[in-house]
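To be precise, the following lines are final_10.pdb, and they hold PDB, C-alpha atoms.
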```pdb
ATOM      1  CA  MET A   1     151.360 185.931 129.525
ATOM      2  CA  GLY A   2     149.058 184.895 126.643
ATOM      3  CA  GLY A   3     147.641 182.037 128.692
ATOM      4  CA  LEU A   4     146.413 184.431 131.355
ATOM      5  CA  THR A   5     144.450 186.578 128.935
ATOM      6  CA  ARG A   6     143.100 183.693 126.884
ATOM      7  CA  TRP A   7     142.050 181.626 129.897
ATOM      8  CA  PRO A   8     140.389 183.665 132.672
ATOM      9  CA  GLN A   9     140.621 180.739 135.089
ATOM     10  CA  LEU A  10     144.409 181.044 134.976
ATOM     11  CA  GLY A  11     144.129 184.713 135.871
ATOM     12  CA  TYR A  12     141.959 183.792 138.821
ATOM     13  CA  LEU A  13     144.433 181.133 139.934
ATOM     14  CA  ARG A  14     147.246 183.666 139.674
ATOM     15  CA  ARG A  15     145.349 186.059 141.936
ATOM     16  CA  VAL A  16     144.826 183.278 144.491
ATOM     17  CA  VAL A  17     148.492 182.247 144.339
ATOM     18  CA  GLN A  18     149.507 185.887 144.804
ATOM     19  CA  THR A  19     147.922 185.826 148.253
ATOM     20  CA  ARG A  20     150.360 183.112 149.344
ATOM     21  CA  SER A  21     153.815 184.662 149.450
ATOM     22  CA  GLY A  22     156.649 182.362 148.512
ATOM     23  CA  VAL A  23     154.705 180.267 145.987
ATOM     24  CA  GLN A  24     155.959 180.348 142.400
ATOM     25  CA  MET A  25     153.540 179.725 139.521
ATOM     26  CA  TRP A  26     154.692 178.308 136.192
ATOM     27  CA  LEU A  27     152.861 177.205 133.032
ATOM     28  CA  PHE A  28     153.951 174.235 130.968
ATOM     29  CA  GLY A  29     152.629 171.805 128.393
ATOM     30  CA  SER A  30     150.049 172.443 125.699
ATOM     31  CA  VAL A  31     148.807 175.717 127.208
ATOM     32  CA  LEU A  32     152.054 177.235 125.888
ATOM     33  CA  THR A  33     151.854 175.686 122.438
ATOM     34  CA  SER A  34     148.210 175.082 121.504
ATOM     35  CA  GLN A  35     145.189 177.290 120.924
ATOM     36  CA  THR A  36     142.981 174.430 122.129
ATOM     37  CA  PRO A  37     144.797 172.732 125.025
ATOM     38  CA  ALA A  38     143.058 169.739 126.596
ATOM     39  CA  ASP A  39     144.041 171.073 130.007
ATOM     40  CA  LEU A  40     146.012 173.916 131.528
ATOM     41  CA  ASP A  41     149.112 172.552 133.238
ATOM     42  CA  VAL A  42     150.353 174.626 136.151
ATOM     43  CA  LEU A  43     153.395 173.970 138.302
ATOM     44  CA  LEU A  44     153.465 175.501 141.784
ATOM     45  CA  VAL A  45     156.760 175.559 143.661
ATOM     46  CA  TYR A  46     156.249 175.968 147.398
ATOM     47  CA  ARG A  47     157.930 175.887 150.789
ATOM     48  CA  ASP A  48     154.862 175.516 153.042
ATOM     49  CA  LEU A  49     152.362 172.749 152.275
ATOM     50  CA  ALA A  50     149.601 174.823 153.886
ATOM     51  CA  ASP A  51     149.875 177.290 150.994
ATOM     52  CA  ILE A  52     149.074 174.579 148.454
ATOM     53  CA  GLU A  53     146.223 173.218 150.570
ATOM     54  CA  ALA A  54     144.727 176.710 150.643
ATOM     55  CA  ILE A  55     145.145 177.216 146.908
ATOM     56  CA  ARG A  56     143.554 173.875 146.057
ATOM     57  CA  ALA A  57     140.674 174.523 148.463
ATOM     58  CA  ALA A  58     139.977 177.980 147.019
ATOM     59  CA  HIS A  59     138.305 176.703 143.860
ATOM     60  CA  ALA A  60     137.436 173.539 141.899
ATOM     61  CA  TRP A  61     140.291 174.125 139.457
ATOM     62  CA  ALA A  62     139.950 170.742 137.774
ATOM     63  CA  GLU A  63     136.354 171.499 136.804
ATOM     64  CA  GLU A  64     137.143 174.540 134.725
ATOM     65  CA  ILE A  65     136.965 174.198 130.947
ATOM     66  CA  PRO A  66     139.706 173.469 130.045
ATOM     67  CA  PRO A  67     140.546 172.060 133.478
ATOM     68  CA  ILE A  68     143.520 173.388 135.402
ATOM     69  CA  ASN A  69     145.896 170.573 136.295
ATOM     70  CA  ILE A  70     148.054 171.617 139.252
ATOM     71  CA  ILE A  71     151.324 169.910 140.128
ATOM     72  CA  ALA A  72     152.906 171.173 143.330
ATOM     73  CA  VAL A  73     156.525 170.511 144.221
ATOM     74  CA  THR A  74     158.745 171.673 147.038
ATOM     75  CA  VAL A  75     161.802 173.720 146.233
ATOM     76  CA  GLN A  76     163.876 170.605 146.954
ATOM     77  CA  GLU A  77     161.750 168.417 144.681
ATOM     78  CA  GLU A  78     162.073 170.923 141.875
ATOM     79  CA  SER A  79     165.812 170.821 142.357
ATOM     80  CA  ASP A  80     165.795 167.011 142.269
ATOM     81  CA  TYR A  81     163.417 166.637 139.321
ATOM     82  CA  ALA A  82     164.622 169.680 137.309
ATOM     83  CA  PHE A  83     161.000 169.847 136.258
ATOM     84  CA  ILE A  84     161.055 173.469 135.101
ATOM     85  CA  ARG A  85     163.950 172.942 132.735
ATOM     86  CA  GLY A  86     162.672 169.603 131.461
ATOM     87  CA  ALA A  87     159.159 170.878 130.770
ATOM     88  CA  HIS A  88     160.307 174.239 129.351
ATOM     89  CA  ALA A  89     157.992 175.859 131.854
ATOM     90  CA  ARG A  90     157.325 179.610 131.770
ATOM     91  CA  ARG A  91     157.128 181.494 135.020
ATOM     92  CA  ILE A  92     154.146 183.799 135.463
ATOM     93  CA  LEU A  93     154.462 184.554 139.171
TER      94      LEU A  93
ATOM     95  CA  MET B   1     121.040 178.680 133.828
ATOM     96  CA  THR B   2     120.629 175.462 135.834
ATOM     97  CA  LEU B   3     123.345 172.839 135.960
ATOM     98  CA  ARG B   4     121.137 170.636 133.815
ATOM     99  CA  ASP B   5     120.892 173.350 131.160
ATOM    100  CA  TRP B   6     124.655 173.844 131.355
ATOM    101  CA  THR B   7     125.295 170.093 131.017
ATOM    102  CA  SER B   8     122.728 169.718 128.249
ATOM    103  CA  SER B   9     124.447 172.394 126.171
ATOM    104  CA  ARG B  10     127.798 170.604 126.489
ATOM    105  CA  LEU B  11     126.957 167.009 125.587
ATOM    106  CA  ALA B  12     127.360 167.093 121.811
ATOM    107  CA  VAL B  13     131.090 167.868 121.792
ATOM    108  CA  ASP B  14     133.799 167.189 124.338
ATOM    109  CA  ARG B  15     136.390 169.590 125.756
ATOM    110  CA  ASP B  16     138.596 169.048 122.713
ATOM    111  CA  GLY B  17     135.733 170.002 120.391
ATOM    112  CA  LEU B  18     135.294 166.402 119.214
ATOM    113  CA  PRO B  19     131.763 165.057 118.670
ATOM    114  CA  THR B  20     130.419 162.575 121.217
ATOM    115  CA  GLY B  21     127.715 161.150 118.964
ATOM    116  CA  VAL B  22     124.892 162.963 120.750
ATOM    117  CA  LEU B  23     122.184 164.118 118.335
ATOM    118  CA  ASN B  24     119.796 165.847 120.688
ATOM    119  CA  VAL B  25     119.064 166.163 124.386
ATOM    120  CA  LEU B  26     115.677 166.245 126.105
ATOM    121  CA  PRO B  27     114.898 167.010 129.757
ATOM    122  CA  VAL B  28     113.533 164.177 131.917
ATOM    123  CA  GLY B  29     111.891 165.132 135.212
ATOM    124  CA  ALA B  30     113.535 167.764 137.377
ATOM    125  CA  HIS B  31     117.207 166.813 136.995
ATOM    126  CA  GLY B  32     117.426 164.264 134.195
ATOM    127  CA  LEU B  33     118.449 164.275 130.562
ATOM    128  CA  LYS B  34     117.855 161.825 127.734
ATOM    129  CA  ALA B  35     120.664 162.040 125.181
ATOM    130  CA  THR B  36     119.811 160.524 121.813
ATOM    131  CA  ARG B  37     122.873 159.276 119.939
ATOM    132  CA  THR B  38     123.556 158.582 116.263
ATOM    133  CA  GLU B  39     124.551 154.930 116.473
ATOM    134  CA  GLN B  40     124.012 153.918 120.079
ATOM    135  CA  PRO B  41     121.042 153.610 122.417
ATOM    136  CA  PRO B  42     119.907 156.754 124.232
ATOM    137  CA  ALA B  43     121.745 157.616 127.440
ATOM    138  CA  PHE B  44     119.991 158.678 130.641
ATOM    139  CA  VAL B  45     121.897 161.206 132.693
ATOM    140  CA  TYR B  46     121.096 162.712 136.083
ATOM    141  CA  CYS B  47     122.526 166.161 136.856
ATOM    142  CA  THR B  48     123.204 166.869 140.536
ATOM    143  CA  GLU B  49     122.846 170.235 142.178
ATOM    144  CA  VAL B  50     126.003 172.282 142.736
ATOM    145  CA  GLY B  51     126.998 172.725 146.379
ATOM    146  CA  PRO B  52     129.594 172.247 149.091
ATOM    147  CA  ALA B  53     127.994 169.079 150.533
ATOM    148  CA  ALA B  54     129.405 165.840 149.173
ATOM    149  CA  PHE B  55     127.273 163.638 146.920
ATOM    150  CA  THR B  56     126.588 160.590 149.091
ATOM    151  CA  PRO B  57     125.152 157.078 148.617
ATOM    152  CA  ASN B  58     121.849 158.395 150.013
ATOM    153  CA  ASP B  59     121.875 161.152 147.393
ATOM    154  CA  LEU B  60     122.433 158.497 144.745
ATOM    155  CA  ASP B  61     119.464 156.505 146.030
ATOM    156  CA  ASP B  62     117.341 159.663 145.940
ATOM    157  CA  ALA B  63     118.438 160.311 142.362
ATOM    158  CA  ARG B  64     117.431 156.771 141.357
ATOM    159  CA  GLN B  65     114.057 157.230 143.005
ATOM    160  CA  GLU B  66     113.560 160.409 141.029
ATOM    161  CA  MET B  67     114.844 158.975 137.743
ATOM    162  CA  GLY B  68     114.565 155.210 137.624
ATOM    163  CA  GLU B  69     116.279 154.860 134.255
ATOM    164  CA  LEU B  70     119.401 156.838 135.176
ATOM    165  CA  GLU B  71     122.694 155.369 133.982
ATOM    166  CA  PHE B  72     125.153 158.169 134.671
ATOM    167  CA  VAL B  73     125.161 160.794 137.414
ATOM    168  CA  VAL B  74     127.170 163.833 136.424
ATOM    169  CA  VAL B  75     128.579 165.728 139.402
ATOM    170  CA  THR B  76     130.048 169.144 138.755
ATOM    171  CA  LYS B  77     131.453 171.655 141.223
ATOM    172  CA  ARG B  78     130.585 169.381 144.111
ATOM    173  CA  PRO B  79     132.650 166.786 146.014
ATOM    174  CA  ILE B  80     131.751 163.098 145.866
ATOM    175  CA  ALA B  81     131.877 160.997 149.040
ATOM    176  CA  ASN B  82     134.282 158.075 148.743
ATOM    177  CA  ASP B  83     131.655 155.457 149.582
ATOM    178  CA  THR B  84     129.419 156.665 146.760
ATOM    179  CA  TYR B  85     131.638 154.912 144.228
ATOM    180  CA  ALA B  86     131.147 151.442 145.730
ATOM    181  CA  HIS B  87     127.392 152.030 145.885
ATOM    182  CA  ALA B  88     127.351 153.171 142.271
ATOM    183  CA  ASP B  89     129.316 150.067 141.249
ATOM    184  CA  ASP B  90     126.767 147.885 143.074
ATOM    185  CA  LEU B  91     123.888 149.618 141.282
ATOM    186  CA  GLY B  92     125.540 149.471 137.857
ATOM    187  CA  VAL B  93     125.636 153.220 137.364
ATOM    188  CA  VAL B  94     128.488 155.672 136.976
ATOM    189  CA  VAL B  95     129.094 158.766 139.087
ATOM    190  CA  GLY B  96     131.566 161.167 137.531
ATOM    191  CA  GLY B  97     132.351 164.482 135.929
ATOM    192  CA  LEU B  98     131.583 165.920 132.519
ATOM    193  CA  GLY B  99     134.802 164.607 130.959
ATOM    194  CA  ALA B 100     133.935 161.043 131.951
ATOM    195  CA  LEU B 101     130.412 161.529 130.617
ATOM    196  CA  HIS B 102     131.781 162.657 127.232
ATOM    197  CA  ALA B 103     133.946 159.533 127.033
ATOM    198  CA  ALA B 104     131.032 157.326 128.087
ATOM    199  CA  LEU B 105     128.720 158.849 125.478
ATOM    200  CA  ARG B 106     131.287 158.271 122.759
ATOM    201  CA  ASN B 107     132.454 154.790 123.760
ATOM    202  CA  SER B 108     129.733 152.930 125.662
ATOM    203  CA  ASP B 109     126.400 151.584 124.459
ATOM    204  CA  ASP B 110     125.382 151.553 128.125
ATOM    205  CA  VAL B 111     126.966 154.611 129.719
ATOM    206  CA  GLY B 112     126.273 152.997 133.103
ATOM    207  CA  THR B 113     129.038 150.485 132.391
ATOM    208  CA  TYR B 114     131.666 153.041 131.358
ATOM    209  CA  LYS B 115     135.157 152.775 132.846
ATOM    210  CA  SER B 116     138.150 154.963 132.149
ATOM    211  CA  LYS B 117     141.078 153.251 130.461
ATOM    212  CA  ASN B 118     143.020 153.399 133.695
ATOM    213  CA  HIS B 119     140.179 151.818 135.649
ATOM    214  CA  GLU B 120     139.821 149.098 132.995
ATOM    215  CA  PHE B 121     143.519 148.376 133.323
ATOM    216  CA  VAL B 122     143.513 148.245 137.132
ATOM    217  CA  HIS B 123     140.296 146.256 137.389
ATOM    218  CA  SER B 124     141.395 143.654 134.840
ATOM    219  CA  ARG B 125     144.743 143.149 136.564
ATOM    220  CA  LEU B 126     143.110 142.759 139.970
ATOM    221  CA  SER B 127     140.387 140.430 138.693
ATOM    222  CA  GLY B 128     142.927 138.277 136.880
ATOM    223  CA  ASN B 129     145.317 137.872 139.815
ATOM    224  CA  ARG B 130     145.189 134.510 141.604
ATOM    225  CA  HIS B 131     146.080 136.186 144.887
ATOM    226  CA  VAL B 132     142.942 138.339 144.768
ATOM    227  CA  ALA B 133     139.722 136.758 146.056
ATOM    228  CA  SER B 134     137.648 139.898 145.537
ATOM    229  CA  TRP B 135     138.023 143.651 145.393
ATOM    230  CA  GLN B 136     135.814 146.682 145.883
ATOM    231  CA  ARG B 137     136.257 150.369 145.260
ATOM    232  CA  VAL B 138     136.262 152.498 148.413
ATOM    233  CA  GLY B 139     136.953 155.753 146.586
ATOM    234  CA  TYR B 140     137.418 156.925 143.013
ATOM    235  CA  ASP B 141     140.841 155.262 142.847
ATOM    236  CA  ALA B 142     140.834 153.442 146.195
ATOM    237  CA  TYR B 143     140.337 149.706 146.631
ATOM    238  CA  THR B 144     139.976 147.083 149.342
ATOM    239  CA  ILE B 145     141.494 143.854 148.119
ATOM    240  CA  GLU B 146     140.537 140.614 149.831
ATOM    241  CA  ARG B 147     143.031 137.814 149.418
ATOM    242  CA  PRO B 148     142.595 134.035 149.730
ATOM    243  CA  ARG B 149     143.718 131.800 152.592
ATOM    244  CA  ASP B 150     145.021 133.671 155.608
ATOM    245  CA  LEU B 151     146.413 136.610 153.654
ATOM    246  CA  ARG B 152     145.043 139.817 155.086
ATOM    247  CA  THR B 153     142.944 142.378 153.222
ATOM    248  CA  LEU B 154     144.863 145.276 151.688
ATOM    249  CA  VAL B 155     143.733 148.824 150.993
ATOM    250  CA  ILE B 156     145.395 150.763 148.178
ATOM    251  CA  VAL B 157     144.982 154.049 146.376
ATOM    252  CA  THR B 158     146.153 154.167 142.780
ATOM    253  CA  LEU B 159     147.549 157.206 141.013
ATOM    254  CA  ASN B 160     148.925 157.818 137.572
ATOM    255  CA  PRO B 161     151.369 160.743 137.337
ATOM    256  CA  TYR B 162     154.833 160.336 135.863
ATOM    257  CA  GLU B 163     156.361 161.807 139.018
ATOM    258  CA  VAL B 164     154.677 161.304 142.392
ATOM    259  CA  THR B 165     155.215 164.449 144.428
ATOM    260  CA  GLN B 166     155.218 164.737 148.180
ATOM    261  CA  GLU B 167     152.151 166.977 148.046
ATOM    262  CA  GLU B 168     150.214 164.476 145.939
ATOM    263  CA  ALA B 169     151.077 161.687 148.378
ATOM    264  CA  TYR B 170     149.825 163.739 151.331
ATOM    265  CA  ARG B 171     146.701 164.785 149.407
ATOM    266  CA  LEU B 172     145.738 161.205 148.547
ATOM    267  CA  LEU B 173     146.339 160.016 152.088
ATOM    268  CA  ASN B 174     144.224 162.836 153.518
ATOM    269  CA  ALA B 175     141.453 162.228 150.992
ATOM    270  CA  HIS B 176     140.639 158.784 152.433
ATOM    271  CA  PRO B 177     140.271 159.243 156.197
ATOM    272  CA  GLU B 178     137.750 156.419 156.514
ATOM    273  CA  VAL B 179     140.184 153.635 155.521
ATOM    274  CA  ASP B 180     143.639 152.544 156.686
ATOM    275  CA  ILE B 181     145.680 152.670 153.525
ATOM    276  CA  ASP B 182     148.437 150.101 153.092
ATOM    277  CA  ALA B 183     149.958 151.484 149.915
ATOM    278  CA  LEU B 184     149.869 154.143 147.252
ATOM    279  CA  VAL B 185     150.297 152.394 143.916
ATOM    280  CA  THR B 186     151.269 154.176 140.731
ATOM    281  CA  THR B 187     149.882 152.755 137.507
ATOM    282  CA  ASN B 188     152.033 154.904 135.250
ATOM    283  CA  PRO B 189     154.372 152.493 133.425
ATOM    284  CA  SER B 190     156.924 155.274 132.963
ATOM    285  CA  CYS B 191     157.338 155.750 136.705
ATOM    286  CA  SER B 192     160.704 154.282 137.589
ATOM    287  CA  GLY B 193     161.002 155.328 141.215
ATOM    288  CA  PHE B 194     160.100 157.843 143.890
ATOM    289  CA  SER B 195     161.795 160.917 145.281
ATOM    290  CA  LYS B 196     163.254 161.000 148.757
ATOM    291  CA  ALA B 197     160.607 163.566 149.757
ATOM    292  CA  THR B 198     157.764 161.329 148.594
ATOM    293  CA  LEU B 199     159.209 158.267 150.299
ATOM    294  CA  GLU B 200     159.513 160.258 153.529
ATOM    295  CA  ALA B 201     155.917 161.475 153.256
ATOM    296  CA  VAL B 202     154.437 157.989 152.939
ATOM    297  CA  SER B 203     156.836 156.556 155.521
ATOM    298  CA  HIS B 204     155.653 159.101 158.090
ATOM    299  CA  ALA B 205     152.097 157.941 157.427
ATOM    300  CA  GLY B 206     153.040 154.269 157.827
ATOM    301  CA  VAL B 207     152.165 153.598 154.198
ATOM    302  CA  GLU B 208     154.129 152.052 151.363
ATOM    303  CA  ILE B 209     154.406 153.339 147.823
ATOM    304  CA  ARG B 210     154.937 150.950 144.943
ATOM    305  CA  THR B 211     154.619 150.630 141.222
ATOM    306  CA  PHE B 212     151.605 148.601 140.089
ATOM    307  CA  ARG B 213     153.859 145.856 138.771
ATOM    308  CA  ASP B 214     155.634 145.529 142.126
ATOM    309  CA  PHE B 215     152.330 145.634 143.968
ATOM    310  CA  LEU B 216     150.817 142.842 141.863
ATOM    311  CA  SER B 217     153.924 140.743 142.456
ATOM    312  CA  SER B 218     153.584 141.235 146.209
ATOM    313  CA  LEU B 219     149.958 140.134 146.476
ATOM    314  CA  GLY B 220     150.943 136.609 147.451
ATOM    315  CA  GLU B 221     153.136 137.885 150.280
ATOM    316  CA  PRO B 222     151.951 138.338 153.886
ATOM    317  CA  TRP B 223     152.345 142.146 154.151
ATOM    318  CA  GLU B 224     153.026 143.273 157.705
ATOM    319  CA  ASP B 225     150.205 144.924 159.695
TER     320      ASP B 225
END
```
How does this structure look as structure tokens?
Amino acid sequence: MGGLTRWPQLGYLRRVVQTRSGVQMWLFGSVLTSQTPADLDVLLVYRDLADIEAIRAAHAWAEEIPPINIIAVTVQEESDYAFIRGAHARRIL
Amino acid sequence: MTLRDWTSSRLAVDRDGLPTGVLNVLPVGAHGLKATRTEQPPAFVYCTEVGPAAFTPNDLDDARQEMGELEFVVVTKRPIANDTYAHADDLGVVVGGLGALHAALRNSDDVGTYKSKNHEFVHSRLSGNRHVASWQRVGYDAYTIERPRDLRTLVIVTLNPYEVTQEEAYRLLNAHPEVDIDALVTTNPSCSGFSKATLEAVSHAGVEIRTFRDFLSSLGEPWED
């Protein structure tokens, strides 16, 4: 959970995601390995596209410093891509 | 703190903490900045107001009236209308975010001519293709491509992720309601194909999705309406 305390914008995103039941939130990439990541990579796994539209519309995530880079995949896409395993993602919600 | 103050305090180093070459920054008028650089000419930057209304071509004209020497308009926490990019290209100025401004300050003598590496790549490939008569941006990564002879004009949106997700395909399609898109085109050389979900998403919209290499190869073909 270090990313959430170090980067307040991730905490805010987590609170927004929490309002959309059924959406998983994972961190991956340099946010897990670097003290100075160029961006904060977040994977959202969803069932209803409207949830992701609402989350993206809630805030200008890409304009945070560092920017939050959101990738959203359906449960089926995650199964096809095996993204979580391949990226060694860490679930935070 | 105004957006100009905020921008001014962030010009000397980029988001990675690397220096941009900016020595000092002075205010110009109500929204402008003059950034003096160590080895390059000064850069003139216009800082827009934050707000929910998109930054439009008319806003860009107003900014130029206010600051005639502007080269780069930095837009933060505000959407940019798709047609603003074509107007900016015509005027020889750049409209973009703080990250693009950092790169422009570091790499361009004239920050008004700055292009991202991906834009340089796409623009050079389009300009060098014999099946392209002319092209114009109709969004940040959207293009109308006029072709010679009786080949019809194509509209594409480029994207660069390794994997193109269904949600990204829908998002790009919805982000350009003013044009009829023919294809989403990925410029990521590592992209080897598309998921069933993504193919279904673009198919439902009557749009194709291709790699940039495949798209360039198809420019001499008729393309169905």
With the cut-off set at 8 Å and counting only C-alpha atoms, tabulate each residue of chain B with an atom at most that distance from an atom of chain A, showing the nearest atom pair and its distance in Å to one decimal, ordered by chain and increasing number, as JSON lines.
```
{"residue": "B:Arg15", "atom": "CA", "partner": "A:Pro66", "partner_atom": "CA", "distance": 6.7}
{"residue": "B:Asp16", "atom": "CA", "partner": "A:Ala38", "partner_atom": "CA", "distance": 6.0}
{"residue": "B:Thr76", "atom": "CA", "partner": "A:Glu63", "partner_atom": "CA", "distance": 7.0}
{"residue": "B:Lys77", "atom": "CA", "partner": "A:Ala60", "partner_atom": "CA", "distance": 6.3}
{"residue": "B:Thr165", "atom": "CA", "partner": "A:Val73", "partner_atom": "CA", "distance": 6.2}
{"residue": "B:Gln166", "atom": "CA", "partner": "A:Val73", "partner_atom": "CA", "distance": 7.1}
{"residue": "B:Glu167", "atom": "CA", "partner": "A:Ala72", "partner_atom": "CA", "distance": 6.4}
{"residue": "B:Glu168", "atom": "CA", "partner": "A:Ala72", "partner_atom": "CA", "distance": 7.7}
{"residue": "B:Ser195", "atom": "CA", "partner": "A:Glu77", "partner_atom": "CA", "distance": 7.5}
{"residue": "B:Ala197", "atom": "CA", "partner": "A:Glu77", "partner_atom": "CA", "distance": 7.1}
```
Minimum-distance residue to Gly22 (chain A), chosen among A:Arg47, A:Arg91, A:Arg56, A:Arg85 (using all atoms listed in the file)
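Counting all atoms listed in the file, the residue closest to Gly22 (chain A) is A:Arg47.
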Rank nothing, just name the residue among A:Ile68, A:Asp51, A:Met25, A:Val45 nearest to Arg90 (chain A), using all atoms listed in the file.
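Among the listed residues, the smallest separation from Arg90 (chain A) belongs to A:Met25.
The list of residues with at least one atom within 8 Å of region 145-154 of chain B, based on only C-alpha atoms and without residues fewer than 6 positions apart in the same chain, reads B:His131, B:Val132, B:Ala133, B:Ser134, B:Trp135, B:Gln136, B:Ile181, B:Asp182, B:Leu219, B:Gly220, B:Glu221, B:Pro222, B:Trp223.
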Find, counting all atoms listed in the file, the residue in B:Leu70, B:Leu60, B:Met1, B:Ala142 that gets nearest to Lys34 (chain B).
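Nearest to Lys34 (chain B): B:Leu70.
Separating CA of Ala104 (chain B) from CA of Ala86 (chain B) is a distance of 18.6 Å.
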Could you expand the PyMOL selection byres ((chain B and resi 112-126) around 9) into the explicit residues it covers here, written as a PyMOL selection string?
chain B and resi 43-44+70-73+89+92-95+100-101+103-105+107-111+127-132+134-135+141+145+158+160+187+212+216
Run the PyMOL selection byres ((chain A and resi 28-31) around 7) against the file shown and list the residues it catches, as a PyMOL selection string.
chain A and resi 3+26-27+32-34+37+40-42+87-90
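In this model, the gap between CA of Trp6 (chain B) and CA of Leu98 (chain B) comes to 10.6 Å.
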Once the PyMOL selection byres ((chain A and resi 11) around 12) has been evaluated on this model, what residues remain selected, and can you format them as JSON, numbers by chain?
{"A": [1, 2, 3, 4, 5, 6, 7, 8, 9, 10, 12, 13, 14, 15, 16, 17, 18, 25, 27, 40, 42, 61, 68, 92, 93]}
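Interatomic distance, CA of Pro57 (chain B) to CA of Glu178 (chain B): 14.9 Å.
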Coordinates of box centre and edge lengths for region 81-91 of chain B, 3 Å on every side, axis-aligned, as lines of an AutoDock Vina configuration file:
```
center_x = 129.1
center_y = 154.4
center_z = 145.4
size_x = 16.4
size_y = 19.1
size_z = 14.3
```
Missing atoms in region 39-44 of chain A: can you complete it with all heavy atoms, as a PDB file, in the coordinates of the input?
```pdb
ATOM      1  N   ASP A  39     144.068 170.570 128.636  1.00  0.00           N
ATOM      2  CA  ASP A  39     144.041 171.073 130.007  1.00  0.00           C
ATOM      3  C   ASP A  39     145.131 172.132 130.156  1.00  0.00           C
ATOM      4  O   ASP A  39     145.951 172.335 129.258  1.00  0.00           O
ATOM      5  CB  ASP A  39     144.208 169.950 131.036  1.00  0.00           C
ATOM      6  CG  ASP A  39     145.418 169.080 130.755  1.00  0.00           C
ATOM      7  OD1 ASP A  39     146.302 169.520 130.006  1.00  0.00           O
ATOM      8  OD2 ASP A  39     145.485 167.966 131.294  1.00  0.00           O
ATOM      9  N   LEU A  40     145.078 172.823 131.273  1.00  0.00           N
ATOM     10  CA  LEU A  40     146.012 173.916 131.528  1.00  0.00           C
ATOM     11  C   LEU A  40     146.952 173.464 132.641  1.00  0.00           C
ATOM     12  O   LEU A  40     146.558 173.405 133.811  1.00  0.00           O
ATOM     13  CB  LEU A  40     145.251 175.189 131.927  1.00  0.00           C
ATOM     14  CG  LEU A  40     144.108 175.597 130.986  1.00  0.00           C
ATOM     15  CD1 LEU A  40     143.366 176.811 131.556  1.00  0.00           C
ATOM     16  CD2 LEU A  40     144.622 175.898 129.586  1.00  0.00           C
ATOM     17  N   ASP A  41     148.163 173.100 132.262  1.00  0.00           N
ATOM     18  CA  ASP A  41     149.112 172.552 133.238  1.00  0.00           C
ATOM     19  C   ASP A  41     149.821 173.676 133.969  1.00  0.00           C
ATOM     20  O   ASP A  41     150.431 174.557 133.358  1.00  0.00           O
ATOM     21  CB  ASP A  41     150.142 171.673 132.519  1.00  0.00           C
ATOM     22  CG  ASP A  41     149.543 170.355 132.056  1.00  0.00           C
ATOM     23  OD1 ASP A  41     148.796 169.747 132.838  1.00  0.00           O
ATOM     24  OD2 ASP A  41     149.816 169.952 130.908  1.00  0.00           O
ATOM     25  N   VAL A  42     149.742 173.608 135.289  1.00  0.00           N
ATOM     26  CA  VAL A  42     150.353 174.626 136.151  1.00  0.00           C
ATOM     27  C   VAL A  42     151.266 173.931 137.156  1.00  0.00           C
ATOM     28  O   VAL A  42     150.868 172.943 137.782  1.00  0.00           O
ATOM     29  CB  VAL A  42     149.273 175.427 136.912  1.00  0.00           C
ATOM     30  CG1 VAL A  42     149.909 176.355 137.936  1.00  0.00           C
ATOM     31  CG2 VAL A  42     148.408 176.211 135.933  1.00  0.00           C
ATOM     32  N   LEU A  43     152.469 174.444 137.283  1.00  0.00           N
ATOM     33  CA  LEU A  43     153.395 173.970 138.302  1.00  0.00           C
ATOM     34  C   LEU A  43     153.493 175.029 139.396  1.00  0.00           C
ATOM     35  O   LEU A  43     153.735 176.202 139.107  1.00  0.00           O
ATOM     36  CB  LEU A  43     154.785 173.744 137.687  1.00  0.00           C
ATOM     37  CG  LEU A  43     155.880 173.351 138.688  1.00  0.00           C
ATOM     38  CD1 LEU A  43     155.661 171.937 139.208  1.00  0.00           C
ATOM     39  CD2 LEU A  43     157.262 173.479 138.056  1.00  0.00           C
ATOM     40  N   LEU A  44     153.282 174.615 140.641  1.00  0.00           N
ATOM     41  CA  LEU A  44     153.465 175.501 141.784  1.00  0.00           C
ATOM     42  C   LEU A  44     154.666 174.996 142.574  1.00  0.00           C
ATOM     43  O   LEU A  44     154.749 173.805 142.897  1.00  0.00           O
ATOM     44  CB  LEU A  44     152.224 175.516 142.673  1.00  0.00           C
ATOM     45  CG  LEU A  44     150.916 175.981 142.005  1.00  0.00           C
ATOM     46  CD1 LEU A  44     149.764 175.914 143.014  1.00  0.00           C
ATOM     47  CD2 LEU A  44     151.047 177.397 141.452  1.00  0.00           C
TER      48      LEU A  44
END
```
